[in-house]
Amino acid sequence: MISADRDALLCDFAETYGIYDFRALPVSTLATLAVGLRDDSRIKMKMHGTNVSRIETLLAAAVDRLSMLWWAKTEDGRNNTNRPKSMLSILIGEPQKQESDVEAFESGDEFDSAWKRITGVKHE
């Protein structure tokens, strides 16, 4: 843990145990205390590669579900427009999906019917 982020471990020890000097304790004691740090401590979150705690993740997921339920009952929801942004995606740093006006077709017939609908002219 010390090699991963010495400063984060020092901050966590100072905050949790009031220890400001690593060298004052034996390595076995430091290891025991490091394991005892809470899951949302700086060093454990860094070791897990996250910057969001489990509680924050669950709260953001709950907000996302609630906003989707609310949105589904609106006119925008019925038309599938203006979908709410995901708080969880924002917190964990996922890139936001861009709305695209590209339309894909499974077959040539499907394309022909869409072409006729859009232009009013039969594709030949």
# chains A, B, ... in the order shown; residues from 1 in each chain; ligands from 1

$ select_by_dssp --residues "chain A" --states "helix (DSSP H, G or I)" --output "PyMOL selection string"
chain A and resi 6-17+22-24+27-35+42-47+54-72+75-79+87-92+108-119

$ residues_around --residues "A:Phe22" --least-positions-apart "4" --cutoff "12 Å" --atoms "only C-alpha atoms" --output "mmCIF file with C-alpha atoms, in the first residue's frame"
data_model
loop_
_atom_site.group_PDB
_atom_site.id
_atom_site.type_symbol
_atom_site.label_atom_id
_atom_site.label_comp_id
_atom_site.auth_asym_id
_atom_site.auth_seq_id
_atom_site.Cartn_x
_atom_site.Cartn_y
_atom_site.Cartn_z
ATOM 1 C CA ILE A 2 2.858 2.363 0.749
ATOM 2 C CA ARG A 6 2.281 6.861 0.456
ATOM 3 C CA ASP A 7 0.438 10.158 0.995
ATOM 4 C CA LEU A 9 -1.994 5.916 3.358
ATOM 5 C CA LEU A 10 -0.484 8.539 5.650
ATOM 6 C CA CYS A 11 -3.691 10.615 5.462
ATOM 7 C CA ASP A 12 -5.828 7.564 6.216
ATOM 8 C CA PHE A 13 -3.663 6.563 9.200
ATOM 9 C CA ALA A 14 -3.720 10.125 10.536
ATOM 10 C CA TYR A 17 -5.774 6.204 14.042
ATOM 11 C CA GLY A 18 -3.999 9.500 14.739
ATOM 12 C CA PRO A 26 6.509 -2.174 13.514
ATOM 13 C CA VAL A 27 5.606 -3.284 9.984
ATOM 14 C CA SER A 28 3.271 -6.036 11.255
ATOM 15 C CA THR A 29 1.252 -3.450 13.211
ATOM 16 C CA LEU A 30 1.101 -1.137 10.187
ATOM 17 C CA ALA A 31 -0.134 -4.035 8.032
ATOM 18 C CA LEU A 33 -3.963 -1.285 10.778
ATOM 19 C CA ALA A 34 -3.952 -0.937 6.971
#

$ residues_around --residues "stretch 41-53 of chain A" --least-positions-apart "2" --cutoff "7 Å" --atoms "only C-alpha atoms" --output "ChimeraX atom specification"
/A:5,8-9,12,37-39,55-57,91-92

$ residues_around --residues "stretch 59-64 of chain A" --least-positions-apart "3" --cutoff "6 Å" --atoms "only C-alpha atoms" --output "list of chain:residue names"
A:Glu56, A:Ser67, A:Ser86, A:Met87, A:Leu88

$ write_last_selection --atoms "C-alpha atoms" --output "compact mmCIF listing (two decimals), in the first residue's frame"
# COMPACT_ATOMS: atom_id res chain seq x y z
CA GLU A 56 -22.24 6.88 -3.38
CA SER A 67 -35.27 9.83 -12.72
CA SER A 86 -27.00 9.06 -15.64
CA MET A 87 -25.54 10.37 -12.39
CA LEU A 88 -23.67 7.10 -11.92

$ atom_distance --atom1 "atom CA of A:Lys116" --atom2 "atom CA of A:Val102"
17.0 Å

$ residues_around --residues "A:Pro84" --least-positions-apart "2" --cutoff "12 Å" --atoms "only C-alpha atoms" --output "list in words"
Val63, Asp64, Arg65, Leu66, Ser67, Met68, Leu69, Trp70, Trp71, Ala72, Thr74, Asp76, Gly77, Asn80, Thr81, Asn82, Ser86, Met87, Leu88, Ser89, Ile90, Gln96 and Lys97 of chain A

$ atom_distance --atom1 "atom CA of A:Arg54" --atom2 "atom CA of A:Tyr20"
27.4 Å
